[in-house]
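Single-structure report; data block below.
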Amino acid sequence: MTKENYIVTGMTCSACSARVEKSVAKLVGSENVSVNLLTNSMQVKNDGSISSDQIINAVVNAGYGCAIKNEEFRMQNENRSESTIENEIENMKFRLKWSIFFLIPTMIIAMHSMFGLSIEIFDGLENSITFAFSQFLLILPIMYLNRKYYINGFKTLLQGSPNMDTLVGLGSMSAAAFGVFALFRIGYGLGHGELLIVEEYSRNLYFESAGMIVTLITVGKFLESRAKGKTSQAVEKLLKLAPKQATIIKNGSEITIDAKNLVVGDEIIVKPGESIAADGVIIDGATNIDESTITGESIPISKTIGDQVTSGTMNINGVIRFKAEKVGGDTTISKIIELVEEASASKAPIAKLADKIAGIFVPAVILISLIAGFLWILNGATIEFAFSIAISILVISCPCALGLATPVAIMVGTGKGAENGILIKSGEALETAHSIDTVVLDKTGTLTIGKPKVTNIFVANDDNAEDFLKIAYGLESGSEHPLAEAIINFAKDKKISPLPMKNFSAIFGKGVKADHDNKKYFAGNEKFFSDLKIDLSAIKPTIDKLADEGKTPLIFASDKKILGIIAVADVEKSTSKEAIEEFQNLNINVIMLTGDNERTAKSIANRLGIKKIIANVLPENKEQEISKLQSQGHKVAMIGDGINDAPALAKSDLGIAIGAGTDIAIESADAILIKNDLLDAVSAIKLGRSVLKNIKQNLFWAFFYNIVCIPLAAGVFYTSFGLKLSPMIGAAAMSLSSVCVVLNALRLRFFKVKHSENETISNFEVDSNINHISIKNQNNFLEAKNMTKELKIDGMMCKHCVKHVNDALSKMDGVTNVVVSLEKNNAEVTMDHEIPIEEFKKVITDAGYELVG
């Protein structure tokens, strides 16, 4: 099932979008089509059985224009989005200006006597023809300027799909037609000396109403267009970020080409102040890059050879050359634009009720208008009174407010999220966020930074420590697990070579095994060795102690003999604890889901304030745990970053991929957090709640307005309270209702996204001094410990002396850490093996100082 996007033209209200949706739904089913009035777009899920031409023809036959929208369309039209809105506003401004120019004298002529003014040529029954005909001539330019209401309105009426233009066109044209009829009656009265007829029809011309109705509607549409233009500012800003040109190296020369013509493998030069036109990797140079447009992070990021660069970001101060890996529609900025546009064009489930009502709203209003007028005539009212009632009903009823209630809020909400690195894929995701009561957090990469470090090493018996690390390096070199990477990096830092291994095999979620010289080697967790029937009782206290400290113990063995343990710890992000507190303040249950053992999970959970953990979960079982929570009646959000999180992300009610995650995780998620910050997940939930609250406010206003105003216009309260709306007031009220809905949605632009100002540091202190091994027998295991010496040094006079001593000692083989104090005239040296005092003395003397003790 592929998702296709179309541009639909000619829609003016929710009745239009409902008709388009209904026409296409006959082909693909109602659940597979979504039409958005605000963005003039349509999304269709198509299994391939229906062609694009069939879909387009269905829309055209419904009376609207339609074209397929693709990447090429966007590239060609990205500059037109803003200009189209501006042209529409300018066109409305022109119509409005001249409509008011002709309306003012019309109103003066029609109403001057009401204010005690006297204009001789228009006063008195003898001047009735001049009085009426002058108004008729003045409203003709107004009606011509706003002819689209009549053309579209009557066109859709004849096609059986009346819309807002039909109501406005019918109301205004009926008022004008009645005025023309009154003009003829005045002429008849003057010609036959029947002055009562002249007097009666001179008071009920309605020419000013005909002009006022379309002018006030245009005022409302003008204000609405300006407000709607602001709702799409986020997408427009993103479109502007996409660079139009790029400088590439071709045949040794620099050539400037259009960014859309870039291909994978192009070498692109970016100078200070230029935007990056593709995703790629730096092959020459170093710089600082402003990534705030993508991540929302204001501090520039240092980049050098081998680092990734992202399209749409800004090069600050260095010249770099990078190789393009993703271009055109595959770049990060293009994907973000696509996601935001799709989200803006999508509908929340709450909008379905409004759509159903909008589909029958206009025909129902026309019917109510006719019935109300007829009933007033039956009750003895004059034709003029009944006619006024009918026109008021037509022009006061507002399907626009219903149609705009949901899309404007979704567009502003998704745009606000995108500005802050929170990409929400659909209106449905925003609505679901409102009802979330449980958040399930993956540990690695979500709660933690996802880059574990070696913290402890234990070697069994009297085995050589370096040989043990060679075995560990060899075993883990075949694994891509983050814990394996920590061990590999540790061994590389110590300049240890891996023991070559063959027949490497990874047991998912448990460990690895391989061969060397026909000898089997194993590395993994307790569950792995339990399956292998290897007894761990001798080292169980050590394993438990490490787990209680929040470390992950990895056990190594060969031929059912324990070789040792390497403890690895991931560190929590500084924002994790704050984010969990925020979730709990929102009355959301927080659960940590991890493949780690329960002790490690509990240690981290205690530090972060998480009350419930689900540990020892294999990757394929994460989805089952989500299902269990859902079966208990919970609305579950899953937050993760890895491929093994994808099934759980897809199964959850709201899947959130953090830190951009992997392509698979992003595909499975409903929302994507560009930054690796859990506080953004809190903001996504809060944003969803704010958007749904705004939608409910808009829908309440739209329903309340129509429920109150239609009876008021029908004269329900006239008999009891003397309340009756004139058509002019009705037109003003209709315009105001749409403007109020849009302005209310614009309040979402003030939504605040919370970010931590702290660096990403650990809540768990890693003992970085544990870098190598000295042997100490302990329960058949040998614990890694460092040695420290304090050296008394004479001759240091300033900070430069401190630096010279520090540099000299740090270069010594076996020295892992040096702290030199000028005040104490000493140096504390940490070593991974014993170093004779004579060697220290020689190094210090060579540096120009004296070792005195």
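Here, A, B, ... name the chains of the structure tokens in the order displayed, residue numbers run from 1 inside each chain, and ligands are numbered from 1 in the same displayed order.
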- request: Per DSSP on the backbone, filter region 559-756 of chain A down to the residues in alpha helix (DSSP H) and report them as JSON, numbers by chain.
  value: {"A": [574, 575, 576, 577, 578, 579, 580, 581, 582, 583, 584, 585, 598, 599, 600, 601, 602, 603, 604, 605, 606, 607, 608, 622, 623, 624, 625, 626, 627, 628, 629, 630, 631, 646, 647, 648, 649, 650, 651, 663, 664, 665, 666, 667, 668, 679, 680, 681, 682, 683, 684, 685, 686, 687, 688, 689, 690, 691, 692, 693, 694, 695, 696, 697, 698, 699, 700, 701, 702, 703, 704, 705, 706, 707, 708, 709, 710, 711, 712, 713, 718, 719, 720, 721, 727, 728, 729, 730, 731, 732, 733, 734, 735, 736, 737, 738, 739, 740, 741, 742, 743, 744, 745, 746]}
message: Neighbouring residues of region 109-121 of chain A were defined as those with any atom within 12 Å, considering only C-alpha atoms; residues of the same chain fewer than 3 positions away were excluded. Please report them as a PyMOL selection string.
response: chain A and resi 102-106+124-139+179+202-209+211-212
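Pairwise distance (CA of Leu692 (chain A), CA of Glu431 (chain A)) equals 5.9 Å.
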- request: Skip Arg321 (chain A) itself and residues of its chain fewer than 5 positions away, then list as a PyMOL selection string all residues within 12 Å of it, counting only C-alpha atoms.
  value: chain A and resi 246-249+254+265-272+276-278+280-287+303-309+315
query: Near Lys551 (chain A), within 10 Å and counting only C-alpha atoms, which residues show up once chain neighbours fewer than 6 positions away are dropped, as number ranges by chain?
result: A: 452-456, 543-545, 566-571, 596-597, 599-601, 603-604, 764, 766
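If you look at CA of Ala418 (chain A) and CA of Ala242 (chain A), they are 14.6 Å away from each other.
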- request: May I ask for the distance between CA of Ile471 (chain A) and CA of Leu499 (chain A), given in Å to one decimal place?
  value: 5.3 Å
message: If you run DSSP on the backbone here, which positions in region 286-524 of chain A get strand (DSSP E or B)? Please write them as a VMD selection string.
response: chain A and resid 287 to 290 301 to 303 308 to 309 314 to 315 320 to 326 422 to 424 438 to 442 448 453 to 460 502 to 507 511 to 516 519 to 524
Would you put the residues from that selection into a file with N, CA and C atoms, as a short mmCIF file (atom, residue, chain, number, x, y, z; two decimals), in the first residue's frame?
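The resulting file, result-v8.cif, is reproduced below:
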```
data_model
loop_
_atom_site.label_atom_id
_atom_site.label_comp_id
_atom_site.auth_asym_id
_atom_site.auth_seq_id
_atom_site.Cartn_x
_atom_site.Cartn_y
_atom_site.Cartn_z
N THR A 287 35.61 22.57 10.46
CA THR A 287 34.78 23.77 10.62
C THR A 287 33.85 23.60 11.81
N ASN A 288 33.08 24.62 12.07
CA ASN A 288 31.95 24.55 13.00
C ASN A 288 30.68 24.71 12.19
N ILE A 289 29.70 23.88 12.48
CA ILE A 289 28.46 23.88 11.69
C ILE A 289 27.26 24.18 12.59
N ASP A 290 26.45 25.12 12.16
CA ASP A 290 25.23 25.47 12.87
C ASP A 290 24.12 24.51 12.44
N ILE A 301 28.43 22.92 16.08
CA ILE A 301 29.10 21.64 16.32
C ILE A 301 30.40 21.59 15.51
N SER A 302 31.50 21.21 16.17
CA SER A 302 32.78 21.08 15.48
C SER A 302 32.76 19.84 14.60
N LYS A 303 33.25 19.99 13.36
CA LYS A 303 33.28 18.88 12.41
C LYS A 303 34.65 18.84 11.74
N GLN A 308 30.02 13.35 9.75
CA GLN A 308 28.86 13.50 8.87
C GLN A 308 28.39 14.95 8.86
N VAL A 309 27.93 15.40 7.70
CA VAL A 309 27.29 16.71 7.59
C VAL A 309 25.88 16.51 7.03
N MET A 314 24.26 25.08 8.30
CA MET A 314 25.07 26.22 7.85
C MET A 314 26.53 26.07 8.28
N ASN A 315 27.44 26.22 7.31
CA ASN A 315 28.87 26.21 7.60
C ASN A 315 29.27 27.57 8.18
N ILE A 320 35.30 23.38 3.90
CA ILE A 320 35.33 21.92 3.94
C ILE A 320 34.99 21.35 2.56
N ARG A 321 35.43 20.12 2.37
CA ARG A 321 35.06 19.38 1.16
C ARG A 321 34.46 18.06 1.63
N PHE A 322 33.28 17.74 1.14
CA PHE A 322 32.66 16.48 1.57
C PHE A 322 32.09 15.71 0.38
N LYS A 323 31.96 14.41 0.58
CA LYS A 323 31.42 13.55 -0.47
C LYS A 323 29.94 13.33 -0.21
N ALA A 324 29.12 13.57 -1.24
CA ALA A 324 27.67 13.44 -1.11
C ALA A 324 27.26 11.98 -1.01
N GLU A 325 26.47 11.66 0.03
CA GLU A 325 25.95 10.30 0.20
C GLU A 325 24.45 10.23 -0.04
N LYS A 326 23.74 11.33 0.25
CA LYS A 326 22.30 11.40 -0.01
C LYS A 326 22.01 12.74 -0.67
N ILE A 422 11.18 18.11 16.52
CA ILE A 422 10.20 17.06 16.84
C ILE A 422 9.32 16.87 15.60
N LEU A 423 9.50 15.76 14.90
CA LEU A 423 8.76 15.52 13.67
C LEU A 423 7.61 14.55 13.95
N ILE A 424 6.40 15.04 13.77
CA ILE A 424 5.20 14.22 14.02
C ILE A 424 4.58 13.87 12.68
N THR A 438 0.96 5.55 29.61
CA THR A 438 2.13 4.74 29.93
C THR A 438 3.22 4.98 28.89
N VAL A 439 4.44 5.25 29.35
CA VAL A 439 5.58 5.41 28.46
C VAL A 439 6.58 4.29 28.74
N VAL A 440 6.92 3.54 27.71
CA VAL A 440 7.91 2.47 27.83
C VAL A 440 9.20 2.97 27.19
N LEU A 441 10.29 2.93 27.96
CA LEU A 441 11.56 3.47 27.51
C LEU A 441 12.58 2.36 27.30
N ASP A 442 13.15 2.29 26.12
CA ASP A 442 14.30 1.43 25.90
C ASP A 442 15.47 2.03 26.69
N THR A 448 20.20 6.17 28.17
CA THR A 448 21.65 6.33 28.26
C THR A 448 22.18 6.88 26.94
N LYS A 453 31.41 2.07 28.39
CA LYS A 453 32.84 2.08 28.63
C LYS A 453 33.23 0.93 29.54
N VAL A 454 34.45 0.42 29.38
CA VAL A 454 34.97 -0.62 30.27
C VAL A 454 35.29 0.01 31.62
N THR A 455 34.79 -0.60 32.69
CA THR A 455 35.01 -0.04 34.03
C THR A 455 35.82 -0.97 34.93
N ASN A 456 35.70 -2.28 34.74
CA ASN A 456 36.43 -3.25 35.58
C ASN A 456 36.85 -4.44 34.72
N ILE A 457 38.01 -5.01 35.05
CA ILE A 457 38.45 -6.24 34.38
C ILE A 457 38.90 -7.23 35.46
N PHE A 458 38.39 -8.44 35.35
CA PHE A 458 38.77 -9.51 36.28
C PHE A 458 39.32 -10.67 35.47
N VAL A 459 40.51 -11.14 35.81
CA VAL A 459 41.15 -12.25 35.09
C VAL A 459 41.24 -13.45 36.01
N ALA A 460 40.85 -14.61 35.52
CA ALA A 460 40.81 -15.82 36.35
C ALA A 460 42.21 -16.35 36.64
N LYS A 502 37.91 -17.81 14.25
CA LYS A 502 37.18 -18.36 13.11
C LYS A 502 35.81 -18.83 13.57
N ASN A 503 34.95 -19.12 12.59
CA ASN A 503 33.60 -19.67 12.86
C ASN A 503 32.84 -18.81 13.88
N PHE A 504 32.91 -17.53 13.67
CA PHE A 504 32.22 -16.61 14.57
C PHE A 504 30.71 -16.78 14.47
N SER A 505 30.04 -16.79 15.64
CA SER A 505 28.58 -16.93 15.66
C SER A 505 28.01 -16.09 16.79
N ALA A 506 26.98 -15.28 16.45
CA ALA A 506 26.32 -14.45 17.47
C ALA A 506 24.99 -15.06 17.84
N ILE A 507 24.74 -15.22 19.14
CA ILE A 507 23.46 -15.73 19.64
C ILE A 507 22.68 -14.50 20.11
N GLY A 511 25.02 -13.71 23.50
CA GLY A 511 26.47 -13.65 23.45
C GLY A 511 27.02 -14.06 22.11
N VAL A 512 28.34 -14.36 22.10
CA VAL A 512 29.04 -14.75 20.87
C VAL A 512 29.92 -15.95 21.17
N LYS A 513 30.28 -16.67 20.10
CA LYS A 513 31.23 -17.78 20.24
C LYS A 513 32.07 -17.86 18.97
N ALA A 514 33.31 -18.36 19.11
CA ALA A 514 34.21 -18.48 17.97
C ALA A 514 35.30 -19.49 18.29
N ASP A 515 36.14 -19.83 17.29
CA ASP A 515 37.20 -20.83 17.46
C ASP A 515 38.56 -20.21 17.19
N HIS A 516 39.58 -20.75 17.90
CA HIS A 516 40.98 -20.43 17.60
C HIS A 516 41.81 -21.67 17.88
N LYS A 519 40.08 -24.55 19.44
CA LYS A 519 39.65 -24.32 20.81
C LYS A 519 38.48 -23.34 20.78
N LYS A 520 37.41 -23.68 21.49
CA LYS A 520 36.21 -22.85 21.47
C LYS A 520 36.28 -21.77 22.54
N TYR A 521 35.82 -20.57 22.17
CA TYR A 521 35.78 -19.44 23.10
C TYR A 521 34.36 -18.88 23.13
N PHE A 522 33.95 -18.42 24.31
CA PHE A 522 32.59 -17.90 24.49
C PHE A 522 32.64 -16.56 25.24
N ALA A 523 31.69 -15.69 24.91
CA ALA A 523 31.53 -14.42 25.64
C ALA A 523 30.05 -14.05 25.66
N GLY A 524 29.55 -13.67 26.84
CA GLY A 524 28.14 -13.30 26.88
C GLY A 524 27.63 -13.07 28.29
#
```
